[in-house]
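So the structure is just underneath, and the comments pick up after that.
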Number of protein chains: 2
Amino acid sequence: MAPNPVTLETINPKVLECEYAVRGEIVTLAQQLQQELKENPGSHPFDEILYCNIGNPQSLGQEPITFFREVLALCDHPTILDRSETQGLFSSDAIERAWQILDQIPGRATGAYSHSQGIKGLRDAIAAGIEARDGFSADPNDIFLTDGASPAVHMMMQLLIRSEKDGILCPIPQYPLYSASITLHGGTLVPYYLDEETGWGLEISELKKQLEAAQSKGITVRALVVINPGNPTGQVLAEANLREIVEFCKIEGLVLLADEVYQENVYVSHKEFHSFKKISRSMGYGEKDISLVSFQSVSKGYYGECGKRGGYMEVTGFSPEIMEQIYKVASVNLCSNISGQILASLVMNPPKVGEESYESYFAEKDGILSSLARRAKTLEDAFNSLEGVTCNKAEGAMYLFPRIQLPQNAIKAAEAAKMAPDAFYARRLLNATGIVVVPGSGFGQVPGTWHFRCTILPQEDKIPAIVSRLTDFHKSFMDEFRG
Amino acid sequence: MAPNPVTLETINPKVLECEYAVRGEIVTLAQQLQQELKENPGSHPFDEILYCNIGNPQSLGQEPITFFREVLALCDHPTILDRSETQGLFSSDAIERAWQILDQIPGRATGAYSHSQGIKGLRDAIAAGIEARDGFSADPNDIFLTDGASPAVHMMMQLLIRSEKDGILCPIPQYPLYSASITLHGGTLVPYYLDEETGWGLEISELKKQLEAAQSKGITVRALVVINPGNPTGQVLAEANLREIVEFCKIEGLVLLADEVYQENVYVSHKEFHSFKKISRSMGYGEKDISLVSFQSVSKGYYGECGKRGGYMEVTGFSPEIMEQIYKVASVNLCSNISGQILASLVMNPPKVGEESYESYFAEKDGILSSLARRAKTLEDAFNSLEGVTCNKAEGAMYLFPRIQLPQNAIKAAEAAKMAPDAFYARRLLNATGIVVVPGSGFGQVPGTWHFRCTILPQEDKIPAIVSRLTDFHKSFMDEFRG
């Protein structure tokens, strides 16, 4: 008989090497504890698992935006559009919008594969939404609809990376999709460090230094990833900073990969989201000057529709031959899911003032965003009140990334358990409180510093209990290891 | 200023090399003609484009199954489940099924990311459906829900392929997803030829011959792809043949990658679909004996829900460590879309006898499948009546793959136009009739033979016009080049 055909020694080593901490060991342990709680209530010192590891708002009780779901339901089952009962169940503008969308789909067939880039009419709507946001034109032919932002990031990495000699500049800390995707495609992650002291500032001098260091090792740096608002770091980049970044990419001939999925998530009045497209066009840079890819997703913002897997990338400043190659790769997977496509067009074109659903839509949106701002502040204050913990403000996105000064004894105990010290802390936290966070080591951090990422997503009525459990745990952890 | 950062010379050569004929040049031309017809009716000798290039039933007018769409709509907008108007609009068992599904989703949150493999309750339902189909047990932990079958195929190629020294045995002709995916992942496609003379028979002697030829070139063959029912070739493999294939994989230590997405599409009474899982278990082979991956999709069958991007792979006979690696790769993309997940559970568990929707569901299903059988037969007969054309029966799947004996003058004209002769024919056909087919060269064929793939999907009332346009075109093409 032949030997076992597939072993860890015989699979693609890039798969083996790839890491994805957001759903790593801590989450596997959490799922196990959840199962134990279900089978044996009272078996742990908490009665539920609070998943603060991932930006998954609806899993923690956030309600979807009613208008969006009305339109999706009607597009899923268009035969009810003409029925009188439907008038009583759905808002009139949702019915109208569903008709408009169906009219843009050849044969009104929401069950058909679309154009590989997505339904043209929906791309028109998204382009119009981008224009309204930026004040600069957008071309529907530059838009590729995708199943969330992740496949779009993979597509660009696949295009750009030829070998380990190709490098991608990524922030540290970073969202581990980037490190995972670069590893899977066989490239080199070229790190640049965000400055924790200045609220996770992005310094051009640091970009230059790391670019040159990589080049001196024979790495061809192809692209710069910027996540704005930041994940896991929550900073919102200032306009002047964005201009410097555009200039840097132009001078160095780098593709700018702009992760802008948190564009609706800004919580401080003195900061505003500006897209890189708007900034570069306002600097007078057009198609010929800079290669820019902007990623957007229906999973984030106030909508938080993670399960719908919708998103797009806007690809500008590439030659027609390269656009053809991207189209070809998109075609191999045929198209992204149509509900996600529809939802992407809705989040970029929500109800307008004067339409029937506008008021309720606005109230839902505003309720979610102002609540997120309050939760971010409460959790930030709570972290900052803990011994040895400092936490920057979440100006945007959905996360806090507090830094912990761990006692030497805790570091030694972690070493003995063969774990990173912050993973050791996160594991202890989970076992004591049911709260799931991701160790900073999963995102990258300045060596010798320790962090964890915690979402701001638990519903407001749960926050006081979380703060008190967290505070009690931290105190007893420090007492145990203070030595 | 830096040079243009991205050119054909500086992208990943695997992307450049990859080909995907199903959405290739002919389709681009068809889209252009469609646009011209829209802007300038009467500008071509036909009034619509008939996309027979791709298995996309609903784009050609096939209606979705009502029950499935009812459940999807209700899960998209669960707040209407309790409303009295809903009773009048939806069948009672669709309402009941929606409740059941929502109860399986933590927090009833259809907008949340699920477990990376898909919602556990839906995987339970799919496992139950597989058990009912095969009469052998299925484990929900072996099931990975995916956005259609294509991403599942990519995942397995990514896992198995380390370099161009790793080979994957693929049928020729094959569905170009396989060649594209192998190219993108840097492996080697090891072809085995299906025998057109015996109705696209799959001979073990041919598998052996090609395996040995690859091995003698230093290729490590990792897996065998079998598409059953066949795409583009339409054959349904006999049970004895399936047993031989299982035995071959077991002896040679190959992973069996079973593309079973057309499992519901069988049109001849003397053939039946048997899954490789059922066959291997009935031979007494279990987890330790054979590594088997079965791909299924909501895009095919009688449902044809291509736009929903739902599907799954059932992964059996791999060690827990390898399953962890597959889970990790699935996690990098978080999860597949929830509507697609729900639909995958529905197609594997449709309404049962006695439930309210059963009769209308069965009538819809039977109407579609018997119509497809009639269309397959009519088109097969039409092709066989053309000069120099022979066409095997479509026993299953959605395609005919007729062979054309092209006159020498046509081959010369194609050479002069720098096209494959069958691409030349397909282009002429499109320009004359608006019918889009895919040249056989996109699927692979015995050198010196020419084919094209044509779906059996146009609605029945269009078939007579298609046959007559095709017949007229073919006659005048042959007259022109007969010489």
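Labels used: A, B, ... for chains in the order of the structure tokens, numbers from 1 for residues in each chain, and numbers from 1 for ligands as shown.
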**OP:** Give the helix (DSSP H, G or I) residues of segment 150-286 of chain B, as DSSP finds them on the backbone, and put them as JSON, numbers by chain.
**Re:** {"B": [150, 151, 152, 153, 154, 155, 156, 157, 158, 159, 160, 176, 177, 178, 179, 180, 181, 182, 183, 184, 196, 197, 198, 204, 205, 206, 207, 208, 209, 210, 211, 212, 213, 214, 215, 216, 239, 240, 241, 242, 243, 244, 245, 246, 247, 248, 249, 250, 251, 252, 276, 277, 278, 279, 280, 281, 282]}
**OP:** Extract the full set of strand (DSSP E) residues from segment 181-296 of chain A according to DSSP on the backbone, and format it as a VMD selection string.
**Re:** chain A and resid 188 to 193 220 to 227 255 to 259 292 to 296
**OP:** Name all residues at most 12 Å from Ile338 of chain B (count only C-alpha atoms; drop same-chain ones fewer than 4 positions away) and give them as a ChimeraX atom specification.
**Re:** /A:147,305-310,337,339-340 /B:72,75-76,101-102,105,108-120,122,145-148,308-311,334,342-345
Original post:
Using only C-alpha atoms, which residues sit within 8 Å of segment 237-246 of chain B once same-chain residues fewer than 4 positions away are excluded, as a PyMOL selection string?
Top reply: chain B and resi 201-202+204+228-229+250+256+271-274+276+279-280+283+290
Please produce an output containing N, CA and C atoms for each residue in the selection, written as a PDB file, in the first residue's frame.
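Listing of out-v6.pdb after writing:
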ATOM      1  N   GLY B 201     -15.039   7.775 -22.007  1.00  0.00           N
ATOM      2  CA  GLY B 201     -14.690   6.799 -20.974  1.00  0.00           C
ATOM      3  C   GLY B 201     -13.402   7.150 -20.243  1.00  0.00           C
ATOM      4  N   LEU B 202     -13.359   6.784 -18.962  1.00  0.00           N
ATOM      5  CA  LEU B 202     -12.184   7.029 -18.125  1.00  0.00           C
ATOM      6  C   LEU B 202     -11.496   5.683 -17.890  1.00  0.00           C
ATOM      7  N   ILE B 204      -8.539   3.170 -16.615  1.00  0.00           N
ATOM      8  CA  ILE B 204      -7.487   3.085 -15.596  1.00  0.00           C
ATOM      9  C   ILE B 204      -6.106   2.933 -16.260  1.00  0.00           C
ATOM     10  N   ASN B 228     -17.553  14.119 -12.142  1.00  0.00           N
ATOM     11  CA  ASN B 228     -18.623  13.154 -12.415  1.00  0.00           C
ATOM     12  C   ASN B 228     -19.938  13.659 -11.831  1.00  0.00           C
ATOM     13  N   PRO B 229     -20.969  13.859 -12.655  1.00  0.00           N
ATOM     14  CA  PRO B 229     -21.000  13.859 -14.118  1.00  0.00           C
ATOM     15  C   PRO B 229     -19.985  14.847 -14.726  1.00  0.00           C
ATOM     16  N   LYS B 250      -6.115   4.485  -3.984  1.00  0.00           N
ATOM     17  CA  LYS B 250      -5.645   3.832  -2.768  1.00  0.00           C
ATOM     18  C   LYS B 250      -4.259   3.215  -3.002  1.00  0.00           C
ATOM     19  N   LEU B 256      -8.079  11.771  -3.788  1.00  0.00           N
ATOM     20  CA  LEU B 256      -9.119  11.786  -4.819  1.00  0.00           C
ATOM     21  C   LEU B 256      -9.943  13.063  -4.659  1.00  0.00           C
ATOM     22  N   LYS B 271     -28.468   5.322 -16.196  1.00  0.00           N
ATOM     23  CA  LYS B 271     -27.320   5.764 -15.391  1.00  0.00           C
ATOM     24  C   LYS B 271     -27.831   6.422 -14.129  1.00  0.00           C
ATOM     25  N   GLU B 272     -26.972   6.408 -13.102  1.00  0.00           N
ATOM     26  CA  GLU B 272     -27.325   6.948 -11.805  1.00  0.00           C
ATOM     27  C   GLU B 272     -26.068   7.578 -11.234  1.00  0.00           C
ATOM     28  N   PHE B 273     -26.221   8.630 -10.450  1.00  0.00           N
ATOM     29  CA  PHE B 273     -25.049   9.212  -9.785  1.00  0.00           C
ATOM     30  C   PHE B 273     -24.720   8.420  -8.526  1.00  0.00           C
ATOM     31  N   HIS B 274     -23.462   8.059  -8.365  1.00  0.00           N
ATOM     32  CA  HIS B 274     -22.962   7.482  -7.114  1.00  0.00           C
ATOM     33  C   HIS B 274     -21.817   8.345  -6.630  1.00  0.00           C
ATOM     34  N   PHE B 276     -18.349   9.221  -4.716  1.00  0.00           N
ATOM     35  CA  PHE B 276     -17.137   8.458  -4.410  1.00  0.00           C
ATOM     36  C   PHE B 276     -17.096   8.057  -2.931  1.00  0.00           C
ATOM     37  N   ILE B 279     -19.174   4.920  -2.744  1.00  0.00           N
ATOM     38  CA  ILE B 279     -18.472   3.805  -3.388  1.00  0.00           C
ATOM     39  C   ILE B 279     -17.320   3.320  -2.498  1.00  0.00           C
ATOM     40  N   SER B 280     -16.516   4.256  -1.975  1.00  0.00           N
ATOM     41  CA  SER B 280     -15.354   3.815  -1.196  1.00  0.00           C
ATOM     42  C   SER B 280     -15.807   3.143   0.099  1.00  0.00           C
ATOM     43  N   MET B 283     -16.931  -0.301  -0.505  1.00  0.00           N
ATOM     44  CA  MET B 283     -15.807  -1.218  -0.734  1.00  0.00           C
ATOM     45  C   MET B 283     -15.119  -1.578   0.584  1.00  0.00           C
ATOM     46  N   ILE B 290      -8.411   5.938   2.421  1.00  0.00           N
ATOM     47  CA  ILE B 290      -8.398   6.814   1.244  1.00  0.00           C
ATOM     48  C   ILE B 290      -8.683   8.257   1.635  1.00  0.00           C
TER      49      ILE B 290
END
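Contact shell of Arg482 of chain A at 10 Å (only C-alpha atoms; same-chain neighbours under 3 positions omitted): A:Leu406, A:Pro407, A:Gln408, A:Asn409, A:Ala410, A:Ser476, A:Phe477, A:Met478, A:Asp479.
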Subject >> Long-range neighbours of segment 429-439 of chain B as a list in words, 6 Å cut-off, only C-alpha atoms, 5 positions minimum in chain >> reply: Phe46, Ile49, Leu50, Tyr51, Cys52, Asn53, Asp422, Ala423, Phe452, Arg453 and Cys454 of chain B
Original post:
Within 12 Å of Glu9 of chain B, counting only C-alpha atoms, which residues qualify if same-chain residues fewer than 4 places away don't, as a PyMOL selection string?
Top reply: (chain A and resi 159-160+162+321-322) or (chain B and resi 4-5+13-17)
I need the residues from that last selection saved to file as a compact mmCIF listing (two decimals), in the first residue's frame (with C-alpha atoms), if you can.
# COMPACT_ATOMS: atom_id res chain seq x y z
CA LEU A 159 -0.77 39.77 -8.57
CA LEU A 160 2.20 41.57 -7.00
CA ARG A 162 6.59 36.78 -7.54
CA GLU A 321 -3.12 45.24 -19.59
CA ILE A 322 -2.83 44.89 -15.84
CA ASN B 4 5.49 52.55 -13.34
CA PRO B 5 5.37 50.10 -10.44
CA PRO B 13 4.22 35.17 -13.90
CA LYS B 14 1.76 32.53 -12.68
CA VAL B 15 -1.03 35.09 -13.03
CA LEU B 16 0.12 35.94 -16.52
CA GLU B 17 0.29 32.29 -17.50
